[in-house]
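Have a look at start03.pdb below; it lists PDB, C-alpha atoms.
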```pdb
MODEL        1
ATOM      1  CA  MET A  39      77.174 -32.276 -26.851
ATOM      2  CA  GLU A  40      75.402 -35.571 -27.647
ATOM      3  CA  LYS A  41      75.743 -36.996 -31.142
ATOM      4  CA  ASN A  42      72.017 -36.596 -31.809
ATOM      5  CA  GLU A  43      72.089 -32.949 -30.790
ATOM      6  CA  LYS A  44      75.036 -32.231 -33.083
ATOM      7  CA  HIS A  45      73.323 -33.950 -36.000
ATOM      8  CA  LYS A  46      70.129 -32.000 -35.320
ATOM      9  CA  PHE A  47      72.003 -28.692 -35.477
ATOM     10  CA  MET A  48      73.830 -29.663 -38.661
ATOM     11  CA  GLN A  49      70.639 -30.905 -40.294
ATOM     12  CA  LYS A  50      69.074 -27.509 -39.582
ATOM     13  CA  VAL A  51      72.077 -25.705 -41.081
ATOM     14  CA  ILE A  52      71.897 -27.801 -44.265
ATOM     15  CA  GLU A  53      68.198 -27.032 -44.612
ATOM     16  CA  MET A  54      68.926 -23.314 -44.164
ATOM     17  CA  ALA A  55      71.571 -23.502 -46.919
ATOM     18  CA  ILE A  56      69.131 -25.170 -49.320
ATOM     19  CA  ARG A  57      66.422 -22.611 -48.529
ATOM     20  CA  ASN A  58      68.927 -19.776 -49.063
ATOM     21  CA  VAL A  59      69.414 -20.960 -52.655
ATOM     22  CA  GLU A  60      65.686 -21.426 -53.229
ATOM     23  CA  GLU A  61      65.031 -17.896 -52.003
ATOM     24  CA  GLY A  62      67.801 -16.441 -54.187
ATOM     25  CA  LYS A  63      69.560 -14.742 -51.292
ATOM     26  CA  GLY A  64      73.072 -15.946 -52.120
ATOM     27  CA  GLY A  65      75.317 -19.017 -52.200
ATOM     28  CA  PRO A  66      74.431 -22.457 -50.771
ATOM     29  CA  PHE A  67      75.867 -21.824 -47.322
ATOM     30  CA  ALA A  68      74.455 -21.436 -43.802
ATOM     31  CA  ALA A  69      75.805 -21.363 -40.255
ATOM     32  CA  ILE A  70      74.582 -21.192 -36.672
ATOM     33  CA  ILE A  71      76.294 -20.264 -33.421
ATOM     34  CA  VAL A  72      75.500 -22.456 -30.412
ATOM     35  CA  LYS A  73      76.150 -21.578 -26.773
ATOM     36  CA  ASN A  74      75.326 -23.943 -23.904
ATOM     37  CA  GLY A  75      73.351 -26.140 -26.288
ATOM     38  CA  LYS A  76      71.181 -23.258 -27.533
ATOM     39  CA  ILE A  77      71.244 -21.502 -30.907
ATOM     40  CA  ILE A  78      72.067 -17.837 -30.331
ATOM     41  CA  ALA A  79      72.483 -16.719 -33.964
ATOM     42  CA  GLU A  80      71.882 -17.888 -37.520
ATOM     43  CA  GLY A  81      73.368 -16.707 -40.802
ATOM     44  CA  THR A  82      73.221 -17.526 -44.481
ATOM     45  CA  ASN A  83      75.321 -16.343 -47.408
ATOM     46  CA  MET A  84      74.018 -12.920 -48.475
ATOM     47  CA  VAL A  85      76.878 -11.805 -50.767
ATOM     48  CA  THR A  86      74.831 -11.128 -53.886
ATOM     49  CA  SER A  87      71.616  -9.910 -52.257
ATOM     50  CA  ALA A  88      73.360  -7.586 -49.770
ATOM     51  CA  ASN A  89      76.181  -6.533 -52.140
ATOM     52  CA  ASP A  90      78.675  -7.495 -49.460
ATOM     53  CA  PRO A  91      81.521  -9.893 -50.341
ATOM     54  CA  SER A  92      82.114 -10.437 -46.615
ATOM     55  CA  ALA A  93      78.518 -11.548 -45.976
ATOM     56  CA  HIS A  94      79.332 -15.249 -45.866
ATOM     57  CA  ALA A  95      77.185 -17.435 -43.606
ATOM     58  CA  GLU A  96      79.773 -17.718 -40.832
ATOM     59  CA  ILE A  97      80.552 -13.986 -40.659
ATOM     60  CA  THR A  98      76.849 -13.128 -40.771
ATOM     61  CA  ALA A  99      76.179 -15.521 -37.857
ATOM     62  CA  ILE A 100      79.178 -14.244 -35.876
ATOM     63  CA  ARG A 101      78.109 -10.610 -36.298
ATOM     64  CA  ARG A 102      74.593 -11.434 -35.124
ATOM     65  CA  ALA A 103      75.815 -13.479 -32.145
ATOM     66  CA  CYS A 104      78.111 -10.645 -31.069
ATOM     67  CA  LYS A 105      75.298  -8.131 -31.423
ATOM     68  CA  THR A 106      72.989 -10.308 -29.298
ATOM     69  CA  LEU A 107      75.588 -10.925 -26.591
ATOM     70  CA  LYS A 108      77.016  -7.371 -26.806
ATOM     71  CA  THR A 109      80.577  -8.669 -27.079
ATOM     72  CA  PHE A 110      83.337  -9.087 -29.645
ATOM     73  CA  HIS A 111      84.459 -12.493 -28.355
ATOM     74  CA  LEU A 112      82.534 -15.775 -28.440
ATOM     75  CA  GLU A 113      84.820 -18.033 -26.371
ATOM     76  CA  ASP A 114      82.100 -20.371 -25.120
ATOM     77  CA  CYS A 115      80.426 -20.753 -28.483
ATOM     78  CA  GLU A 116      80.587 -23.370 -31.229
ATOM     79  CA  ILE A 117      79.831 -22.815 -34.903
ATOM     80  CA  TYR A 118      77.994 -25.240 -37.183
ATOM     81  CA  THR A 119      78.534 -24.480 -40.854
ATOM     82  CA  SER A 120      77.295 -26.290 -43.952
ATOM     83  CA  CYS A 121      80.780 -26.101 -45.496
ATOM     84  CA  GLU A 122      84.344 -25.821 -44.218
ATOM     85  CA  PRO A 123      84.949 -22.094 -43.629
ATOM     86  CA  CYS A 124      86.895 -20.216 -46.324
ATOM     87  CA  PRO A 125      90.089 -18.407 -45.175
ATOM     88  CA  MET A 126      88.112 -15.195 -44.563
ATOM     89  CA  CYS A 127      85.566 -16.941 -42.350
ATOM     90  CA  LEU A 128      88.176 -19.084 -40.615
ATOM     91  CA  GLY A 129      90.047 -15.876 -39.797
ATOM     92  CA  ALA A 130      86.832 -14.375 -38.379
ATOM     93  CA  ILE A 131      86.282 -17.530 -36.285
ATOM     94  CA  TYR A 132      89.782 -17.161 -34.818
ATOM     95  CA  TRP A 133      89.295 -13.446 -34.099
ATOM     96  CA  ALA A 134      85.950 -14.262 -32.439
ATOM     97  CA  ARG A 135      87.701 -16.938 -30.297
ATOM     98  CA  ILE A 136      85.040 -19.546 -31.105
ATOM     99  CA  SER A 137      85.882 -22.851 -29.429
ATOM    100  CA  LYS A 138      84.886 -25.467 -32.030
ATOM    101  CA  ILE A 139      83.864 -25.786 -35.688
ATOM    102  CA  TYR A 140      81.428 -28.397 -37.004
ATOM    103  CA  TYR A 141      81.190 -28.572 -40.803
ATOM    104  CA  ALA A 142      79.508 -30.768 -43.413
ATOM    105  CA  CYS A 143      81.090 -30.242 -46.860
ATOM    106  CA  ASN A 144      84.684 -29.247 -47.481
ATOM    107  CA  ARG A 145      86.645 -26.887 -49.754
ATOM    108  CA  LYS A 146      86.843 -29.581 -52.459
ATOM    109  CA  ASP A 147      83.047 -29.911 -52.573
ATOM    110  CA  ALA A 148      82.843 -26.102 -52.767
ATOM    111  CA  SER A 149      85.275 -26.073 -55.712
ATOM    112  CA  GLU A 150      83.147 -28.597 -57.566
ATOM    113  CA  ALA A 151      80.188 -26.246 -57.164
ATOM    114  CA  GLY A 152      82.212 -23.365 -58.637
ATOM    115  CA  PHE A 153      83.473 -21.580 -55.498
ATOM    116  CA  ASP A 154      87.023 -20.315 -54.961
ATOM    117  CA  ASP A 155      87.587 -21.407 -51.347
ATOM    118  CA  SER A 156      90.327 -23.882 -52.184
ATOM    119  CA  LYS A 157      92.121 -21.483 -54.531
ATOM    120  CA  PHE A 158      92.002 -18.719 -51.903
ATOM    121  CA  TYR A 159      93.498 -21.059 -49.268
ATOM    122  CA  GLU A 160      96.424 -21.560 -51.643
ATOM    123  CA  GLU A 161      96.757 -17.811 -52.225
ATOM    124  CA  VAL A 162      96.556 -16.812 -48.546
ATOM    125  CA  CYS A 163      99.250 -19.368 -47.670
ATOM    126  CA  LYS A 164     101.718 -18.155 -50.312
ATOM    127  CA  ARG A 165     104.478 -15.662 -49.580
ATOM    128  CA  PRO A 166     103.083 -12.187 -50.368
ATOM    129  CA  PRO A 167     105.303 -11.698 -53.493
ATOM    130  CA  ASP A 168     104.011 -14.967 -54.965
ATOM    131  CA  ARG A 169     100.311 -14.146 -54.753
ATOM    132  CA  SER A 170      98.079 -13.383 -57.745
ATOM    133  CA  ILE A 171      97.104 -10.043 -56.140
ATOM    134  CA  LYS A 172     100.127  -7.778 -56.166
ATOM    135  CA  MET A 173     101.175  -6.266 -52.845
ATOM    136  CA  GLU A 174     103.359  -3.167 -52.501
ATOM    137  CA  LYS A 175     104.888  -1.935 -49.264
ATOM    138  CA  LEU A 176     104.859   1.826 -48.684
ATOM    139  CA  LEU A 177     105.836   4.127 -45.792
ATOM    140  CA  SER A 178     106.379   1.248 -43.387
ATOM    141  CA  GLU A 179     108.369   3.276 -40.849
ATOM    142  CA  GLU A 180     105.733   6.004 -40.825
ATOM    143  CA  GLY A 181     103.042   3.340 -40.399
ATOM    144  CA  LYS A 182     104.514   2.152 -37.116
ATOM    145  CA  LYS A 183     103.413   5.427 -35.523
ATOM    146  CA  ALA A 184      99.882   4.005 -35.323
ATOM    147  CA  PHE A 185     101.182   1.026 -33.336
ATOM    148  CA  ASP A 186     103.246   3.353 -31.104
ATOM    149  CA  LYS A 187     100.082   5.345 -30.403
ATOM    150  CA  TRP A 188      98.251   2.108 -29.541
ATOM    151  CA  LEU A 189     100.945   0.905 -27.139
ATOM    152  CA  GLN A 190     101.006   4.296 -25.429
ATOM    153  CA  LYS A 191      97.245   4.271 -24.868
ATOM    154  CA  GLU A 192      96.717   3.096 -21.306
ATOM    155  CA  ASP A 193      93.007   2.334 -21.657
ATOM    156  CA  ARG A 194      93.328   0.414 -24.919
ATOM    157  CA  ILE A 195      90.959  -2.543 -25.326
ATOM    158  CA  PRO A 196      92.765  -5.564 -26.801
ATOM    159  CA  TYR A 197      90.892  -8.064 -28.916
TER
ATOM    160  CA  MET B 106      99.446   5.703 -60.049
ATOM    161  CA  GLU B 107     102.317   8.155 -59.490
ATOM    162  CA  LYS B 108     104.591   7.607 -56.525
ATOM    163  CA  ASN B 109     103.486  10.875 -54.921
ATOM    164  CA  GLU B 110      99.826   9.949 -55.224
ATOM    165  CA  LYS B 111     100.423   6.567 -53.652
ATOM    166  CA  HIS B 112     102.327   8.124 -50.770
ATOM    167  CA  LYS B 113      99.567  10.688 -50.270
ATOM    168  CA  PHE B 114      96.948   7.947 -49.973
ATOM    169  CA  MET B 115      99.070   5.924 -47.566
ATOM    170  CA  GLN B 116      99.861   8.979 -45.468
ATOM    171  CA  LYS B 117      96.133   9.612 -45.127
ATOM    172  CA  VAL B 118      95.519   5.978 -44.097
ATOM    173  CA  ILE B 119      98.219   6.171 -41.418
ATOM    174  CA  GLU B 120      96.696   9.370 -40.035
ATOM    175  CA  MET B 121      93.263   7.691 -39.961
ATOM    176  CA  ALA B 122      94.753   4.758 -38.020
ATOM    177  CA  ILE B 123      96.328   7.081 -35.450
ATOM    178  CA  ARG B 124      93.078   9.020 -35.058
ATOM    179  CA  ASN B 125      91.144   5.769 -34.632
ATOM    180  CA  VAL B 126      93.241   4.995 -31.547
ATOM    181  CA  GLU B 127      92.937   8.526 -30.193
ATOM    182  CA  GLU B 128      89.160   8.358 -30.536
ATOM    183  CA  GLY B 129      88.995   4.922 -28.873
ATOM    184  CA  LYS B 130      87.114   3.311 -31.743
ATOM    185  CA  GLY B 131      89.276   0.206 -32.033
ATOM    186  CA  GLY B 132      92.710  -1.031 -33.076
ATOM    187  CA  PRO B 133      95.400   1.049 -34.865
ATOM    188  CA  PHE B 134      94.292   0.166 -38.364
ATOM    189  CA  ALA B 135      92.735   2.024 -41.297
ATOM    190  CA  ALA B 136      92.129   1.397 -45.002
ATOM    191  CA  ILE B 137      90.809   3.151 -48.080
ATOM    192  CA  ILE B 138      89.543   1.872 -51.418
ATOM    193  CA  VAL B 139      90.678   3.807 -54.498
ATOM    194  CA  LYS B 140      89.117   3.603 -57.952
ATOM    195  CA  ASN B 141      90.445   5.604 -60.921
ATOM    196  CA  GLY B 142      92.612   7.649 -58.579
ATOM    197  CA  LYS B 143      89.705   8.638 -56.318
ATOM    198  CA  ILE B 144      88.886   7.451 -52.798
ATOM    199  CA  ILE B 145      85.511   5.732 -52.870
ATOM    200  CA  ALA B 146      85.434   4.348 -49.319
ATOM    201  CA  GLU B 147      87.260   4.583 -46.007
ATOM    202  CA  GLY B 148      87.302   2.256 -43.021
ATOM    203  CA  THR B 149      88.933   1.943 -39.637
ATOM    204  CA  ASN B 150      89.031  -0.906 -37.156
ATOM    205  CA  MET B 151      85.772  -0.869 -35.164
ATOM    206  CA  VAL B 152      85.972  -4.297 -33.490
ATOM    207  CA  THR B 153      85.607  -3.141 -29.898
ATOM    208  CA  SER B 154      83.294  -0.167 -30.439
ATOM    209  CA  ALA B 155      80.916  -2.024 -32.793
ATOM    210  CA  ASN B 156      81.175  -5.413 -31.040
ATOM    211  CA  ASP B 157      82.019  -6.976 -34.391
ATOM    212  CA  PRO B 158      85.160  -9.129 -34.704
ATOM    213  CA  SER B 159      84.901  -8.824 -38.492
ATOM    214  CA  ALA B 160      84.942  -5.011 -38.412
ATOM    215  CA  HIS B 161      88.596  -4.690 -39.381
ATOM    216  CA  ALA B 162      89.582  -1.645 -41.422
ATOM    217  CA  GLU B 163      89.784  -3.479 -44.753
ATOM    218  CA  ILE B 164      86.435  -5.254 -44.411
ATOM    219  CA  THR B 165      84.777  -2.051 -43.243
ATOM    220  CA  ALA B 166      86.151  -0.193 -46.286
ATOM    221  CA  ILE B 167      85.163  -3.021 -48.672
ATOM    222  CA  ARG B 168      81.602  -3.109 -47.321
ATOM    223  CA  ARG B 169      81.266   0.633 -47.753
ATOM    224  CA  ALA B 170      82.750   0.625 -51.261
ATOM    225  CA  CYS B 171      80.369  -2.154 -52.335
ATOM    226  CA  LYS B 172      77.435  -0.294 -50.836
ATOM    227  CA  THR B 173      78.401   2.872 -52.694
ATOM    228  CA  LEU B 174      78.936   1.115 -56.025
ATOM    229  CA  LYS B 175      75.992  -1.285 -55.507
ATOM    230  CA  THR B 176      78.135  -4.295 -56.371
ATOM    231  CA  PHE B 177      79.802  -7.260 -54.666
ATOM    232  CA  HIS B 178      82.965  -7.087 -56.805
ATOM    233  CA  LEU B 179      85.613  -4.359 -56.855
ATOM    234  CA  GLU B 180      87.777  -5.465 -59.801
ATOM    235  CA  ASP B 181      89.010  -2.007 -60.756
ATOM    236  CA  CYS B 182      89.792  -0.956 -57.225
ATOM    237  CA  GLU B 183      92.956  -0.860 -55.130
ATOM    238  CA  ILE B 184      93.165  -0.980 -51.341
ATOM    239  CA  TYR B 185      95.547   1.010 -49.174
ATOM    240  CA  THR B 186      95.863  -0.382 -45.671
ATOM    241  CA  SER B 187      98.006   0.742 -42.752
ATOM    242  CA  CYS B 188      99.045  -2.885 -42.101
ATOM    243  CA  GLU B 189      99.325  -6.085 -44.139
ATOM    244  CA  PRO B 190      95.817  -7.613 -44.145
ATOM    245  CA  CYS B 191      95.184 -10.479 -41.709
ATOM    246  CA  PRO B 192      93.972 -13.784 -43.248
ATOM    247  CA  MET B 193      90.331 -12.738 -42.761
ATOM    248  CA  CYS B 194      90.822  -9.436 -44.564
ATOM    249  CA  LEU B 195      93.035 -10.954 -47.253
ATOM    250  CA  GLY B 196      90.271 -13.476 -47.904
ATOM    251  CA  ALA B 197      87.756 -10.634 -48.189
ATOM    252  CA  ILE B 198      90.067  -8.828 -50.619
ATOM    253  CA  TYR B 199      90.205 -11.946 -52.815
ATOM    254  CA  TRP B 200      86.425 -12.429 -52.691
ATOM    255  CA  ALA B 201      85.980  -8.752 -53.610
ATOM    256  CA  ARG B 202      88.396  -9.215 -56.560
ATOM    257  CA  ILE B 203      90.395  -6.114 -55.618
ATOM    258  CA  SER B 204      93.300  -5.652 -58.028
ATOM    259  CA  LYS B 205      96.149  -4.451 -55.801
ATOM    260  CA  ILE B 206      97.104  -4.067 -52.137
ATOM    261  CA  TYR B 207      99.290  -1.280 -50.769
ATOM    262  CA  TYR B 208     100.314  -1.693 -47.121
ATOM    263  CA  ALA B 209     102.613   0.026 -44.627
ATOM    264  CA  CYS B 210     103.331  -2.250 -41.640
ATOM    265  CA  ASN B 211     103.422  -6.034 -41.739
ATOM    266  CA  ARG B 212     102.221  -8.949 -39.604
ATOM    267  CA  LYS B 213     105.451  -8.881 -37.574
ATOM    268  CA  ASP B 214     104.875  -5.247 -36.621
ATOM    269  CA  ALA B 215     101.297  -6.177 -35.669
ATOM    270  CA  SER B 216     102.568  -9.022 -33.459
ATOM    271  CA  GLU B 217     104.899  -6.645 -31.644
ATOM    272  CA  ALA B 218     101.881  -4.455 -30.879
ATOM    273  CA  GLY B 219     100.011  -7.464 -29.448
ATOM    274  CA  PHE B 220      97.868  -8.567 -32.406
ATOM    275  CA  ASP B 221      97.417 -12.177 -33.532
ATOM    276  CA  ASP B 222      97.685 -11.721 -37.324
ATOM    277  CA  SER B 223     100.871 -13.733 -37.656
ATOM    278  CA  LYS B 224      99.612 -16.548 -35.420
ATOM    279  CA  PHE B 225      96.361 -16.743 -37.369
ATOM    280  CA  TYR B 226      98.263 -16.994 -40.678
ATOM    281  CA  GLU B 227     100.017 -20.037 -39.218
ATOM    282  CA  GLU B 228      96.721 -21.539 -38.049
ATOM    283  CA  VAL B 229      94.844 -20.957 -41.335
ATOM    284  CA  CYS B 230      97.665 -22.592 -43.287
ATOM    285  CA  LYS B 231      97.770 -25.741 -41.145
ATOM    286  CA  ARG B 232      95.921 -28.925 -42.042
ATOM    287  CA  PRO B 233      92.516 -28.747 -40.319
ATOM    288  CA  PRO B 234      93.331 -31.552 -37.801
ATOM    289  CA  ASP B 235      96.463 -29.682 -36.683
ATOM    290  CA  ARG B 236      94.747 -26.400 -35.824
ATOM    291  CA  SER B 237      94.216 -25.060 -32.302
ATOM    292  CA  ILE B 238      90.458 -24.807 -32.976
ATOM    293  CA  LYS B 239      89.055 -28.316 -33.268
ATOM    294  CA  MET B 240      87.070 -29.108 -36.418
ATOM    295  CA  GLU B 241      84.597 -31.996 -36.687
ATOM    296  CA  LYS B 242      83.018 -33.197 -39.921
ATOM    297  CA  LEU B 243      79.321 -34.147 -39.767
ATOM    298  CA  LEU B 244      76.697 -35.195 -42.333
ATOM    299  CA  SER B 245      78.958 -34.442 -45.290
ATOM    300  CA  GLU B 246      76.902 -36.407 -47.818
ATOM    301  CA  GLU B 247      73.699 -34.716 -46.686
ATOM    302  CA  GLY B 248      75.450 -31.340 -46.934
ATOM    303  CA  LYS B 249      76.110 -31.782 -50.637
ATOM    304  CA  LYS B 250      72.373 -31.388 -51.269
ATOM    305  CA  ALA B 251      72.841 -27.621 -50.862
ATOM    306  CA  PHE B 252      75.470 -27.621 -53.633
ATOM    307  CA  ASP B 253      73.217 -29.799 -55.816
ATOM    308  CA  LYS B 254      70.424 -27.277 -55.338
ATOM    309  CA  TRP B 255      72.823 -24.477 -56.319
ATOM    310  CA  LEU B 256      74.010 -26.212 -59.496
ATOM    311  CA  GLN B 257      70.401 -26.930 -60.507
ATOM    312  CA  LYS B 258      69.410 -23.273 -60.113
ATOM    313  CA  GLU B 259      69.505 -21.787 -63.608
ATOM    314  CA  ASP B 260      69.407 -18.143 -62.506
ATOM    315  CA  ARG B 261      72.104 -18.486 -59.825
ATOM    316  CA  ILE B 262      74.416 -15.495 -59.414
ATOM    317  CA  PRO B 263      78.058 -16.604 -59.022
ATOM    318  CA  TYR B 264      80.495 -14.504 -57.011
TER
ENDMDL
END
```
Starting from the file, give its structure as structure tokens.
Amino acid sequence: MEKNEKHKFMQKVIEMAIRNVEEGKGGPFAAIIVKNGKIIAEGTNMVTSANDPSAHAEITAIRRACKTLKTFHLEDCEIYTSCEPCPMCLGAIYWARISKIYYACNRKDASEAGFDDSKFYEEVCKRPPDRSIKMEKLLSEEGKKAFDKWLQKEDRIPY
Amino acid sequence: MEKNEKHKFMQKVIEMAIRNVEEGKGGPFAAIIVKNGKIIAEGTNMVTSANDPSAHAEITAIRRACKTLKTFHLEDCEIYTSCEPCPMCLGAIYWARISKIYYACNRKDASEAGFDDSKFYEEVCKRPPDRSIKMEKLLSEEGKKAFDKWLQKEDRIPY
């Protein structure tokens, strides 16, 4: 990808993020998915307007790209996002097998604007007993039966 | 929550996870959201059937609970999940402000069944330059204009 092309995509994403705030749809975040130099999906943060805490820009764009391509993997795609992905979105990017991330702002900039991205990175990377959300393990032996069922299923579809 | 109640909820989640595999809807994972001792939403992993890499059990259950309650926060809710949440789902749980996580299996069990949860925890917790997915910063000063717009917006809705 040429430098000018990359800047053009990021400029578009930043403008989408600004417009998202102006239109009152959610936080100041936008993302696009690019494949072979073409935009295949766009997304903005819709958390408060859609009542969906997972409706961050990156996840919204990934869901739309997957719907368009009728797939659950985006190996040949790149994502442009107006801010470094939060742990949730970074996890989604890994699950989607996206090949590269371009970002403008970072978690520190997001913190200064009142968002918890940086704090949640710290939480996710702690040992479970040390996290602010309490976690309790229950019926772990019984739970493995679901994995046994999965491994026995000959036509399972891995992702 | 009494011990018996908690076990009853987790037993149900494990059965949902097993059925999800039998029905070929996706991976061996299920989750429920409980508020005041009542189940308000259920979810199973639908990644491969819905072509949505974000359609893990926890995120599916969170989306449904938020839709039902018409809110983007679930402060008084607990989540029961058949396996320790992956970084994506844990991030979603933090954004949703869920108060407690009950889980049966852990990331090591998931690895043994072929899932990348443990690997993705390692990736998310690395410094960005050290990750397997390359990240490139572009137009970071320009990007801050979206945050400026947000902070200037008097009727912004934080989440």
- Which residues, written as a PyMOL selection string, have at least one atom at most 6 Å from range 206-216 of chain B, with only C-alpha atoms counted and residues fewer than 5 positions away on the same chain left out? (chain A and resi 173-178+181) or (chain B and resi 184-189+222-223)
- Query: For this file, the ChimeraX specification (/B :<7) & /A selects which residues, as a PyMOL selection string?
  - Reply: chain A and resi 52+55-56+59+66+85-86+89-92+101+104-105+108-110+120+125-130+133-134+137-143+151+158+162-163+171-178+181-182+184-185+187-189
Given the selection you just returned, output its residues as a file containing C-alpha atoms, formatted as a PDB file, keeping the file's coordinate frame.
```
ATOM      1  CA  ILE A  52      71.897 -27.801 -44.265  1.00  0.00           C
ATOM      2  CA  ALA A  55      71.571 -23.502 -46.919  1.00  0.00           C
ATOM      3  CA  ILE A  56      69.131 -25.170 -49.320  1.00  0.00           C
ATOM      4  CA  VAL A  59      69.414 -20.960 -52.655  1.00  0.00           C
ATOM      5  CA  PRO A  66      74.431 -22.457 -50.771  1.00  0.00           C
ATOM      6  CA  VAL A  85      76.878 -11.805 -50.767  1.00  0.00           C
ATOM      7  CA  THR A  86      74.831 -11.128 -53.886  1.00  0.00           C
ATOM      8  CA  ASN A  89      76.181  -6.533 -52.140  1.00  0.00           C
ATOM      9  CA  ASP A  90      78.675  -7.495 -49.460  1.00  0.00           C
ATOM     10  CA  PRO A  91      81.521  -9.893 -50.341  1.00  0.00           C
ATOM     11  CA  SER A  92      82.114 -10.437 -46.615  1.00  0.00           C
ATOM     12  CA  ARG A 101      78.109 -10.610 -36.298  1.00  0.00           C
ATOM     13  CA  CYS A 104      78.111 -10.645 -31.069  1.00  0.00           C
ATOM     14  CA  LYS A 105      75.298  -8.131 -31.423  1.00  0.00           C
ATOM     15  CA  LYS A 108      77.016  -7.371 -26.806  1.00  0.00           C
ATOM     16  CA  THR A 109      80.577  -8.669 -27.079  1.00  0.00           C
ATOM     17  CA  PHE A 110      83.337  -9.087 -29.645  1.00  0.00           C
ATOM     18  CA  SER A 120      77.295 -26.290 -43.952  1.00  0.00           C
ATOM     19  CA  PRO A 125      90.089 -18.407 -45.175  1.00  0.00           C
ATOM     20  CA  MET A 126      88.112 -15.195 -44.563  1.00  0.00           C
ATOM     21  CA  CYS A 127      85.566 -16.941 -42.350  1.00  0.00           C
ATOM     22  CA  LEU A 128      88.176 -19.084 -40.615  1.00  0.00           C
ATOM     23  CA  GLY A 129      90.047 -15.876 -39.797  1.00  0.00           C
ATOM     24  CA  ALA A 130      86.832 -14.375 -38.379  1.00  0.00           C
ATOM     25  CA  TRP A 133      89.295 -13.446 -34.099  1.00  0.00           C
ATOM     26  CA  ALA A 134      85.950 -14.262 -32.439  1.00  0.00           C
ATOM     27  CA  SER A 137      85.882 -22.851 -29.429  1.00  0.00           C
ATOM     28  CA  LYS A 138      84.886 -25.467 -32.030  1.00  0.00           C
ATOM     29  CA  ILE A 139      83.864 -25.786 -35.688  1.00  0.00           C
ATOM     30  CA  TYR A 140      81.428 -28.397 -37.004  1.00  0.00           C
ATOM     31  CA  TYR A 141      81.190 -28.572 -40.803  1.00  0.00           C
ATOM     32  CA  ALA A 142      79.508 -30.768 -43.413  1.00  0.00           C
ATOM     33  CA  CYS A 143      81.090 -30.242 -46.860  1.00  0.00           C
ATOM     34  CA  ALA A 151      80.188 -26.246 -57.164  1.00  0.00           C
ATOM     35  CA  PHE A 158      92.002 -18.719 -51.903  1.00  0.00           C
ATOM     36  CA  VAL A 162      96.556 -16.812 -48.546  1.00  0.00           C
ATOM     37  CA  CYS A 163      99.250 -19.368 -47.670  1.00  0.00           C
ATOM     38  CA  ILE A 171      97.104 -10.043 -56.140  1.00  0.00           C
ATOM     39  CA  LYS A 172     100.127  -7.778 -56.166  1.00  0.00           C
ATOM     40  CA  MET A 173     101.175  -6.266 -52.845  1.00  0.00           C
ATOM     41  CA  GLU A 174     103.359  -3.167 -52.501  1.00  0.00           C
ATOM     42  CA  LYS A 175     104.888  -1.935 -49.264  1.00  0.00           C
ATOM     43  CA  LEU A 176     104.859   1.826 -48.684  1.00  0.00           C
ATOM     44  CA  LEU A 177     105.836   4.127 -45.792  1.00  0.00           C
ATOM     45  CA  SER A 178     106.379   1.248 -43.387  1.00  0.00           C
ATOM     46  CA  GLY A 181     103.042   3.340 -40.399  1.00  0.00           C
ATOM     47  CA  LYS A 182     104.514   2.152 -37.116  1.00  0.00           C
ATOM     48  CA  ALA A 184      99.882   4.005 -35.323  1.00  0.00           C
ATOM     49  CA  PHE A 185     101.182   1.026 -33.336  1.00  0.00           C
ATOM     50  CA  LYS A 187     100.082   5.345 -30.403  1.00  0.00           C
ATOM     51  CA  TRP A 188      98.251   2.108 -29.541  1.00  0.00           C
ATOM     52  CA  LEU A 189     100.945   0.905 -27.139  1.00  0.00           C
TER      53      LEU A 189
END
```
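We find CA of Lys140 in chain B and CA of Asp168 in chain A to be spaced 24.0 Å apart.
Between CA of Pro167 in chain A and CA of Glu110 in chain B the separation is 22.4 Å.
Relative to CA of Gly81 in chain A, CA of Glu96 in chain A is found at 6.5 Å.
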Might I get the box with edges along x, y and z of the file that holds all atoms of range 112-125 of chain A listed there, padded by 8 Å on every side, given as centre and edge lengths in Å to one decimal, as JSON?
```
{"center_x": 83.7, "center_y": -21.0, "center_z": -35.7, "size_x": 28.8, "size_y": 26.5, "size_z": 37.2}
```
- Report the residues retrieved by the PyMOL selection byres ((chain A and resi 79) around 6) from the displayed file, expressed as a PyMOL selection string. chain A and resi 70-71+77-78+80+99+102-103
